[in-house]
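Raw contents of query_37.txt, compact mmCIF, C-alpha atoms and all ligand atoms:
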# COMPACT_ATOMS: atom_id res chain seq x y z
CA MET Z 183 -144.92 179.90 51.42
CA PHE Z 184 -145.02 179.74 47.61
CA SER Z 185 -146.16 176.60 45.87
CA GLY Z 186 -146.38 175.54 42.23
CA LYS Z 187 -147.08 172.30 40.44
CA ALA Z 188 -146.61 171.19 36.83
CA ARG Z 189 -146.96 168.13 34.64
CA ALA Z 190 -144.63 167.68 31.67
CA TYR Z 191 -144.49 164.89 29.13
CA THR Z 192 -141.36 163.36 27.70
CA ASN Z 193 -140.26 163.83 24.13
CA ILE Z 194 -138.24 161.74 21.71
CA ALA Z 195 -136.03 163.43 19.16
CA LEU Z 196 -136.57 162.52 15.51
CA ILE Z 197 -133.62 164.74 14.58
CA LYS Z 198 -131.19 164.33 17.45
CA TYR Z 199 -129.50 166.87 19.69
CA TRP Z 200 -125.93 165.66 20.01
CA GLY Z 201 -123.21 167.96 21.31
CA LYS Z 202 -122.94 171.23 23.19
CA GLU Z 203 -121.36 174.48 22.15
CA ASP Z 204 -121.62 175.75 25.74
CA GLN Z 205 -121.65 173.23 28.58
CA GLU Z 206 -122.67 175.66 31.27
CA LEU Z 207 -125.56 177.32 29.44
CA ILE Z 208 -126.45 174.15 27.49
CA ILE Z 209 -126.32 175.73 24.05
CA PRO Z 210 -126.33 172.87 21.52
CA MET Z 211 -124.17 172.43 18.44
CA ASN Z 212 -127.19 171.67 16.26
CA ASN Z 213 -130.95 172.19 16.06
CA SER Z 214 -133.09 169.19 16.92
CA LEU Z 215 -136.71 168.16 16.35
CA SER Z 216 -138.91 166.07 18.60
CA LEU Z 217 -142.28 164.54 19.21
CA THR Z 218 -143.79 164.93 22.68
CA LEU Z 219 -145.42 161.69 23.86
CA ASP Z 220 -148.36 160.91 26.11
CA ALA Z 221 -147.10 157.73 27.75
CA PHE Z 222 -144.46 159.14 30.11
CA TYR Z 223 -144.75 162.20 32.25
CA THR Z 224 -143.50 163.79 35.43
CA GLU Z 225 -145.55 165.73 37.96
CA THR Z 226 -143.58 168.01 40.21
CA GLN Z 227 -144.55 170.25 43.08
CA VAL Z 228 -142.17 172.87 44.42
CA ILE Z 229 -142.81 174.63 47.73
CA PHE Z 230 -140.54 177.50 48.71
CA SER Z 231 -140.84 178.17 52.42
CA GLU Z 232 -139.27 180.18 55.26
CA GLU Z 233 -139.60 177.09 57.42
CA ILE Z 234 -137.06 175.05 55.46
CA SER Z 235 -133.33 175.56 55.92
CA GLU Z 236 -132.13 173.61 52.87
CA ASP Z 237 -133.57 172.20 49.67
CA ARG Z 238 -135.09 168.74 49.84
CA PHE Z 239 -135.85 166.57 46.82
CA TYR Z 240 -138.24 163.61 46.84
CA LEU Z 241 -138.48 161.42 43.75
CA ASP Z 242 -141.37 158.96 43.74
CA ASN Z 243 -141.76 159.66 47.49
CA GLN Z 244 -138.13 158.79 48.27
CA LEU Z 245 -135.90 161.48 49.77
CA GLN Z 246 -132.90 161.76 47.42
CA ASP Z 247 -129.24 161.90 48.42
CA SER Z 248 -127.12 165.03 48.29
CA LYS Z 249 -125.83 164.31 44.75
CA ALA Z 250 -129.31 164.34 43.22
CA THR Z 251 -130.40 167.21 45.46
CA VAL Z 252 -127.45 169.40 44.44
CA LYS Z 253 -128.52 169.19 40.80
CA VAL Z 254 -132.05 170.25 41.69
CA SER Z 255 -130.74 173.03 43.96
CA ARG Z 256 -128.53 174.42 41.21
CA PHE Z 257 -131.50 174.54 38.92
CA LEU Z 258 -133.66 176.17 41.60
CA ASP Z 259 -130.92 178.79 42.05
CA LEU Z 260 -131.58 179.95 38.50
CA VAL Z 261 -135.26 180.38 39.30
CA ARG Z 262 -134.55 181.99 42.68
CA SER Z 263 -132.21 184.52 41.12
CA LYS Z 264 -134.78 185.42 38.43
CA ALA Z 265 -137.41 185.92 41.15
CA HIS Z 266 -135.10 187.59 43.72
CA CYS Z 267 -135.98 184.92 46.25
CA ASN Z 268 -133.67 183.19 48.69
CA LEU Z 269 -136.03 180.64 50.22
CA SER Z 270 -135.23 176.93 50.29
CA ALA Z 271 -137.67 174.50 48.75
CA VAL Z 272 -139.18 171.05 49.01
CA VAL Z 273 -139.44 169.42 45.61
CA GLN Z 274 -141.71 166.44 45.14
CA SER Z 275 -141.52 164.67 41.80
CA GLN Z 276 -143.50 161.72 40.60
CA ASN Z 277 -142.59 159.89 37.41
CA PHE Z 278 -145.49 158.27 35.61
CA VAL Z 279 -144.13 155.53 33.40
CA PRO Z 280 -146.07 152.55 32.12
CA THR Z 281 -143.52 150.04 33.39
CA ALA Z 282 -140.67 150.27 35.87
CA ALA Z 283 -138.26 149.68 33.03
CA GLY Z 284 -135.91 152.58 33.48
CA LEU Z 285 -137.78 154.74 31.03
CA ALA Z 286 -137.98 157.78 33.26
CA SER Z 287 -136.74 160.78 31.38
CA SER Z 288 -134.73 163.84 32.23
CA ALA Z 289 -136.72 165.76 29.61
CA SER Z 290 -140.05 165.47 31.43
CA GLY Z 291 -138.37 165.80 34.84
CA LEU Z 292 -136.54 169.03 34.17
CA ALA Z 293 -139.42 170.55 32.20
CA ALA Z 294 -141.82 169.83 35.09
CA LEU Z 295 -139.32 171.26 37.59
CA ALA Z 296 -138.94 174.42 35.52
CA GLY Z 297 -142.72 174.78 35.22
CA ALA Z 298 -143.43 174.16 38.90
CA ALA Z 299 -140.63 176.35 40.30
CA SER Z 300 -141.38 179.27 38.00
CA ALA Z 301 -145.12 179.01 38.74
CA ALA Z 302 -144.42 178.94 42.49
CA LEU Z 303 -142.43 182.16 42.30
CA LYS Z 304 -144.94 183.70 39.86
CA LEU Z 305 -142.45 184.33 37.12
CA ASP Z 306 -145.23 184.16 34.56
CA LEU Z 307 -142.98 182.91 31.76
CA ALA Z 308 -144.11 182.75 28.14
CA PRO Z 309 -143.53 179.30 26.54
CA GLU Z 310 -140.25 180.33 24.92
CA GLU Z 311 -138.92 181.70 28.21
CA LEU Z 312 -139.97 178.53 30.03
CA SER Z 313 -138.26 176.53 27.28
CA ARG Z 314 -135.04 178.53 27.84
CA LEU Z 315 -135.25 177.87 31.56
CA ALA Z 316 -135.91 174.12 31.15
CA ARG Z 317 -132.95 173.95 28.75
CA ARG Z 318 -130.62 174.96 31.60
CA GLY Z 319 -131.62 171.76 33.45
CA SER Z 320 -131.35 169.34 30.54
CA GLY Z 321 -131.17 170.28 26.88
CA SER Z 322 -133.91 167.96 25.67
CA ALA Z 323 -136.27 169.33 28.37
CA CYS Z 324 -136.65 172.58 26.42
CA ARG Z 325 -138.69 170.69 23.81
CA SER Z 326 -141.13 169.22 26.38
CA ILE Z 327 -142.75 172.63 26.89
CA TYR Z 328 -144.77 172.00 23.73
CA GLY Z 329 -147.16 169.28 22.69
CA GLY Z 330 -146.71 167.51 19.35
CA PHE Z 331 -143.68 168.47 17.27
CA ALA Z 332 -141.10 170.93 18.56
CA GLU Z 333 -137.85 172.28 17.19
CA TRP Z 334 -135.04 173.36 19.48
CA GLN Z 335 -133.44 176.25 17.68
CA LYS Z 336 -129.88 176.27 18.87
CA GLY Z 337 -129.40 180.04 18.78
CA ASP Z 338 -126.11 181.37 20.00
CA SER Z 339 -126.83 182.64 23.49
CA ASP Z 340 -128.95 181.94 26.54
CA LYS Z 341 -131.58 184.26 25.12
CA THR Z 342 -131.80 182.81 21.64
CA SER Z 343 -131.54 179.06 22.41
CA HIS Z 344 -135.00 177.60 22.96
CA ALA Z 345 -137.60 175.36 21.38
CA VAL Z 346 -140.59 176.43 19.31
CA LYS Z 347 -143.72 174.56 18.29
CA ILE Z 348 -143.81 173.25 14.73
CA PRO Z 349 -147.16 173.76 13.03
CA SER Z 350 -148.32 170.36 11.82
CA ALA Z 351 -152.10 170.47 11.20
CA GLY Z 352 -152.48 167.59 13.63
CA PHE Z 353 -150.12 165.20 11.79
CA GLU Z 354 -148.74 164.02 15.15
CA ASN Z 355 -152.11 162.42 15.90
CA ASP Z 356 -151.62 160.08 12.94
CA LEU Z 357 -148.49 158.63 14.56
CA SER Z 358 -147.60 156.03 17.17
CA MET Z 359 -144.29 155.32 18.81
CA ILE Z 360 -143.65 151.86 20.17
CA PHE Z 361 -140.91 151.54 22.78
CA VAL Z 362 -139.07 148.27 22.80
CA VAL Z 363 -137.50 147.91 26.22
CA VAL Z 364 -134.50 145.69 25.73
CA ASN Z 365 -132.57 146.33 28.91
CA ASP Z 366 -133.52 147.68 32.32
CA SER Z 367 -130.03 148.30 33.58
CA LYS Z 368 -128.63 151.76 34.09
CA LYS Z 369 -126.77 153.18 31.12
CA ASP Z 370 -122.98 153.24 31.33
CA ILE Z 371 -122.36 156.60 29.70
CA SER Z 372 -124.82 159.41 30.25
CA SER Z 373 -125.94 161.40 27.23
CA ARG Z 374 -124.13 164.38 28.75
CA ASP Z 375 -120.77 162.58 28.92
CA GLY Z 376 -121.31 160.69 25.68
CA MET Z 377 -122.00 163.79 23.63
CA GLN Z 378 -119.07 165.66 25.12
CA ARG Z 379 -116.64 162.86 24.38
CA THR Z 380 -117.96 162.68 20.85
CA VAL Z 381 -117.63 166.42 20.23
CA GLU Z 382 -114.08 166.40 21.56
CA THR Z 383 -112.74 163.24 19.95
CA SER Z 384 -114.90 161.73 17.21
CA ALA Z 385 -113.54 161.91 13.68
CA PHE Z 386 -117.14 161.61 12.49
CA TYR Z 387 -118.50 164.53 14.50
CA PRO Z 388 -117.89 167.17 11.80
CA GLY Z 389 -119.84 164.94 9.38
CA TRP Z 390 -122.71 164.77 11.83
CA LEU Z 391 -122.87 168.55 12.07
CA THR Z 392 -122.78 169.05 8.30
CA SER Z 393 -125.63 166.61 7.80
CA VAL Z 394 -128.08 168.02 10.35
CA PRO Z 395 -129.41 171.05 8.41
CA GLN Z 396 -130.46 168.88 5.44
CA ASP Z 397 -132.06 166.30 7.74
CA LEU Z 398 -133.89 168.98 9.66
CA ALA Z 399 -135.21 170.53 6.45
CA LYS Z 400 -136.38 167.10 5.25
CA ALA Z 401 -138.17 166.44 8.54
CA LYS Z 402 -139.94 169.80 8.51
CA LYS Z 403 -141.00 169.33 4.90
CA ALA Z 404 -142.29 165.83 5.72
CA ILE Z 405 -144.31 167.22 8.65
CA ALA Z 406 -145.74 170.03 6.51
CA GLU Z 407 -146.73 167.54 3.80
CA LYS Z 408 -147.83 164.83 6.26
CA ASP Z 409 -145.44 162.49 4.48
CA PHE Z 410 -144.91 159.61 6.91
CA VAL Z 411 -142.34 157.71 4.84
CA ALA Z 412 -140.15 160.79 4.39
CA LEU Z 413 -140.36 161.56 8.13
CA GLY Z 414 -139.56 157.96 9.04
CA GLU Z 415 -136.58 157.76 6.70
CA VAL Z 416 -134.99 160.91 8.00
CA THR Z 417 -135.72 159.91 11.62
CA GLU Z 418 -133.89 156.63 11.21
CA ALA Z 419 -131.04 158.26 9.30
CA SER Z 420 -130.54 160.90 12.02
CA ALA Z 421 -130.36 158.26 14.75
CA LEU Z 422 -127.88 156.13 12.79
CA LYS Z 423 -125.64 159.10 12.11
CA MET Z 424 -125.70 160.17 15.75
CA HIS Z 425 -124.83 156.66 16.92
CA GLY Z 426 -122.16 156.41 14.21
CA THR Z 427 -120.25 159.28 15.82
CA THR Z 428 -119.80 157.33 19.06
CA LEU Z 429 -117.90 154.51 17.32
CA ALA Z 430 -115.27 156.97 16.16
CA ALA Z 431 -114.86 158.61 19.58
CA ASN Z 432 -111.81 158.08 21.75
CA PRO Z 433 -112.29 155.89 23.69
CA PRO Z 434 -114.99 154.50 21.40
CA PHE Z 435 -118.36 153.49 22.78
CA THR Z 436 -121.84 152.50 21.70
CA TYR Z 437 -125.28 152.53 23.28
CA TRP Z 438 -126.32 149.53 21.22
CA SER Z 439 -126.64 146.09 22.72
CA ALA Z 440 -126.95 142.85 20.79
CA GLU Z 441 -130.68 143.04 21.42
CA SER Z 442 -130.91 146.58 20.05
CA LEU Z 443 -129.39 145.33 16.80
CA GLN Z 444 -131.85 142.46 16.67
CA VAL Z 445 -134.74 144.88 17.03
CA MET Z 446 -133.34 147.24 14.40
CA ASN Z 447 -133.02 144.31 12.00
CA LEU Z 448 -136.54 143.22 12.81
CA VAL Z 449 -137.85 146.70 11.99
CA ARG Z 450 -136.07 146.59 8.62
CA GLN Z 451 -137.48 143.14 7.95
CA ILE Z 452 -141.05 144.21 8.81
CA ARG Z 453 -140.57 147.24 6.55
CA ASN Z 454 -139.27 145.10 3.70
CA ASN Z 455 -142.43 143.04 4.08
CA GLY Z 456 -144.48 146.14 3.31
CA LEU Z 457 -145.29 147.73 6.69
CA ALA Z 458 -143.76 151.22 6.88
CA CYS Z 459 -142.00 151.62 10.24
CA TYR Z 460 -138.73 153.22 11.29
CA PHE Z 461 -136.57 153.11 14.40
CA THR Z 462 -134.76 155.62 16.51
CA MET Z 463 -132.51 155.25 19.57
CA ASP Z 464 -131.17 157.54 22.27
CA ALA Z 465 -128.41 157.25 24.86
CA GLY Z 466 -129.35 153.71 25.84
CA PRO Z 467 -130.15 150.33 24.29
CA ASN Z 468 -133.94 150.70 23.98
CA VAL Z 469 -135.34 151.02 20.47
CA LYS Z 470 -138.31 153.24 19.60
CA ILE Z 471 -140.34 152.50 16.49
CA LEU Z 472 -142.27 155.16 14.60
CA VAL Z 473 -145.34 153.91 12.77
CA GLU Z 474 -148.60 155.33 11.45
CA ARG Z 475 -151.32 154.93 14.03
CA LYS Z 476 -153.49 153.07 11.54
CA ASN Z 477 -150.74 150.43 11.35
CA GLU Z 478 -150.06 150.23 15.09
CA THR Z 479 -151.96 146.98 15.63
CA ALA Z 480 -150.36 145.33 12.60
CA LEU Z 481 -146.91 146.33 13.85
CA LEU Z 482 -147.61 145.02 17.35
CA GLN Z 483 -148.72 141.74 15.81
CA ALA Z 484 -145.54 141.53 13.73
CA LEU Z 485 -143.42 142.27 16.80
CA ASN Z 486 -145.30 139.87 19.05
CA SER Z 487 -143.77 136.71 17.72
CA HIS Z 488 -140.26 138.05 18.48
CA ILE Z 489 -140.65 140.30 21.51
CA ALA Z 490 -142.45 139.74 24.81
CA THR Z 491 -145.53 141.95 25.25
CA GLN Z 492 -144.23 143.33 28.54
CA GLN Z 493 -141.23 144.76 26.68
CA LEU Z 494 -143.49 146.91 24.49
CA VAL Z 495 -144.90 150.30 25.43
CA VAL Z 496 -147.21 152.14 23.05
CA ALA Z 497 -147.16 155.94 23.00
CA HIS Z 498 -148.98 158.61 21.03
CA ALA Z 499 -148.49 162.35 20.68
CA GLY Z 500 -148.63 164.12 24.01
CA PRO Z 501 -149.70 167.57 25.17
CA ALA Z 502 -147.80 170.67 26.21
CA ILE Z 503 -146.63 171.25 29.79
CA LYS Z 504 -149.46 171.98 32.16
CA ILE Z 505 -149.21 174.23 35.19
CA LEU Z 506 -151.49 172.52 37.71
CA THR Z 507 -151.72 175.00 40.57
CA GLU Z 508 -150.45 178.42 41.37
CA ALA Z 509 -150.45 179.46 44.99
C1 LIG G 1 -129.60 161.28 22.60
O1 LIG G 1 -130.96 166.38 27.02
O2 LIG G 1 -130.27 164.25 28.21
O3 LIG G 1 -131.56 161.86 23.79
O4 LIG G 1 -128.50 168.48 27.84
O5 LIG G 1 -126.72 167.07 28.84
O6 LIG G 1 -129.00 167.07 29.86
P1 LIG G 1 -128.19 167.22 28.58
O7 LIG G 1 -128.55 165.99 27.63
P2 LIG G 1 -129.94 165.33 27.25
O8 LIG G 1 -129.52 164.68 25.85
C2 LIG G 1 -130.42 164.03 25.03
C3 LIG G 1 -129.67 163.35 23.92
C4 LIG G 1 -130.49 162.42 23.06
C5 LIG G 1 -131.00 163.12 21.81
C6 LIG G 1 -132.14 164.09 21.99
O9 LIG G 1 -132.98 163.94 22.89
O10 LIG G 1 -132.21 165.01 21.15
Represent the structure from my file as structure tokens, please.
Amino acid sequence: MFSGKARAYTNIALIKYWGKEDQELIIPMNNSLSLTLDAFYTETQVIFSEEISEDRFYLDNQLQDSKATVKVSRFLDLVRSKAHCNLSAVVQSQNFVPTAAGLASSASGLAALAGAASAALKLDLAPEELSRLARRGSGSACRSIYGGFAEWQKGDSDKTSHAVKIPSAGFENDLSMIFVVVNDSKKDISSRDGMQRTVETSAFYPGWLTSVPQDLAKAKKAIAEKDFVALGEVTEASALKMHGTTLAANPPFTYWSAESLQVMNLVRQIRNNGLACYFTMDAGPNVKILVERKNETALLQALNSHIATQQLVVAHAGPAIKILTEA
């Protein structure tokens, strides 16, 4: 019996990953840059054992159906083949989210699975190798190997596509990210399908790709100079450009709801009143607001008269993946 356990935190992209060059290997079309957060994490234990005849996957103590289990099994196959092991496994994953508002993330889930499975089979992976492995499960998971800021360097092969830590002299600790949960319902179009449709059909996609290198350079400069306003501006711009591509896809789609727009407008209004804050959004209607930690309370107060407290989740910079046990 071989057992491993890991805890990985979610991350939110400030410069978005949007589009794959290789679907199978999950090589992205563009580099992306993220902030790992402390408020959401997944703990996963993987036990490979002779006594099990097929993989079993429990999420939050519930045995999952074959569809969810197949995804986990395929990922475990990658780890098994690296370790020359053919044992089946029991996977137990627990999502730690502050509310049950559908905020569970594939980034923390797949990073924790990669960490736990590779620890169980004693693969002893360096961070970049673990990042490459996590990437095969879900692209954004490759950034959750690191605490603070990370850049997923797209590379051009399985070997060269992985995330790296961005030196920041602790700038991430000056930041807060407030999640505004506007809708609990399941998203209609997964990020995987949404990005593929956009790559294949959106007239705006080439524009997205051309703009990323400049945005990435701006974000890295802002981090190096601890320039919050510059980082916030480029974060918001990257999200708007990414979401712009979906409107020009065929068939067109958007992740925005009426409420998302209201929150985005509210953020602009608060900013125009002198409090620097910027939004970002992913493949769903929730809005995330980046603010300096020293202004967190003021922002929460400004939001409070428009948004119910239970819709708000405060997060700060989170740590790197942690391997919890090695059998
Ligand atoms: C909008 O990592 O969920 O959140 O690689 O297909 O699993 P797959 O996609 P996923 O996509 C995340 C897209 C995004 C932007 C980002 O996190 O960079």
Neighbours of ligand LIG 1 (chain G) within 9 Å, counting only C-alpha atoms and all ligand atoms, as an MDAnalysis selection string? chainID Z and resid 193:202 205 208:210 213:216 287:289 292 317:325 334 372:378 421 424:425 463:466
Tell me which of Z:Val273, Z:Ala431, Z:Leu485, Z:Leu258 sits closest to Phe239 in chain Z, counting all atoms listed in the file.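 Answer, going by the shortest atom-to-atom distance: Z:Val273.
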Residue nearest Asn268 in chain Z - candidates Z:Ile234, Z:Val496, Z:Leu245, Z:Ala406, atoms counted: all atoms listed in the file: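 Result for the nearest residue to Asn268 in chain Z: Z:Ile234.
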Interatomic distance (Å, one decimal) between CA of Gly329 in chain Z and CA of Thr342 in chain Z: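 Separation of CA of Gly329 in chain Z and CA of Thr342 in chain Z: 20.5 Å.
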Which residue of Z:Leu217, Z:Ala419, Z:Val364, Z:Ala299 approaches Ser439 in chain Z most closely, using only C-alpha atoms: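 When distances to Ser439 in chain Z are compared using only C-alpha atoms, the smallest one comes from Z:Val364.
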Find the residue from Z:Arg256, Z:Lys304, Z:Arg262, Z:His498 that sits nearest to Gly186 in chain Z; use only C-alpha atoms when measuring.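 For Gly186 in chain Z, the nearest of the candidates is Z:Lys304.
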Residues within 10 Å of Thr507 in chain Z, please, as a PyMOL selection string. Count all atoms listed in the file; anything in the same chain fewer than 6 positions from it doesn't count. chain Z and resi 185-188+227+298+301-302
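Shortest separation to Phe331 in chain Z among Z:Pro434, Z:Gly389, Z:Gly500, Z:Gly414 occurs at residue Z:Gly500, atoms counted being all atoms listed in the file.
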When you draw a straight line from CA of Leu481 in chain Z to CA of Tyr460 in chain Z, how long is it in Å?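 Calculated distance between CA of Leu481 in chain Z and CA of Tyr460 in chain Z is 11.0 Å.
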Report the distance between CA of Thr380 in chain Z and CA of Gln335 in chain Z in Å, rounded to one decimal place.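 Between CA of Thr380 in chain Z and CA of Gln335 in chain Z the gap works out to 20.8 Å.
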Please check which residues have atoms at most 12 Å from (-154.0, 153.1, 11.7) in the file's coordinates, counting all atoms listed in the file, and write them as number ranges by chain. Z: 355-358, 457-458, 473-482, 498
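If you measure from each of Z:Tyr240, Z:Tyr191, Z:Phe353, Z:Trp390 to Ala293 in chain Z using all atoms listed in the file, the closest one turns out to be Z:Tyr191.
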Nearby residues (all atoms listed in the file) at most 10 Å from Ser350 in chain Z, same-chain spacing under 2 positions excluded, as a VMD selection string: chain Z and resid 330 to 332 347 to 348 352 to 355 402 404 to 408
Using all atoms listed in the file, determine which residues lie at most 9 Å from Ser339 in chain Z, disregarding the query and same-chain residues fewer than 4 positions distant; provide the list as a PDB file with C-alpha atoms, in the coordinates of the input.
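What ended up in selection-v5.pdb:
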ATOM      1  CA  ASP Z 204    -121.620 175.750  25.740  1.00  0.00           C
ATOM      2  CA  LEU Z 207    -125.560 177.320  29.440  1.00  0.00           C
ATOM      3  CA  ILE Z 209    -126.320 175.730  24.050  1.00  0.00           C
ATOM      4  CA  SER Z 343    -131.540 179.060  22.410  1.00  0.00           C
TER       5      SER Z 343
END
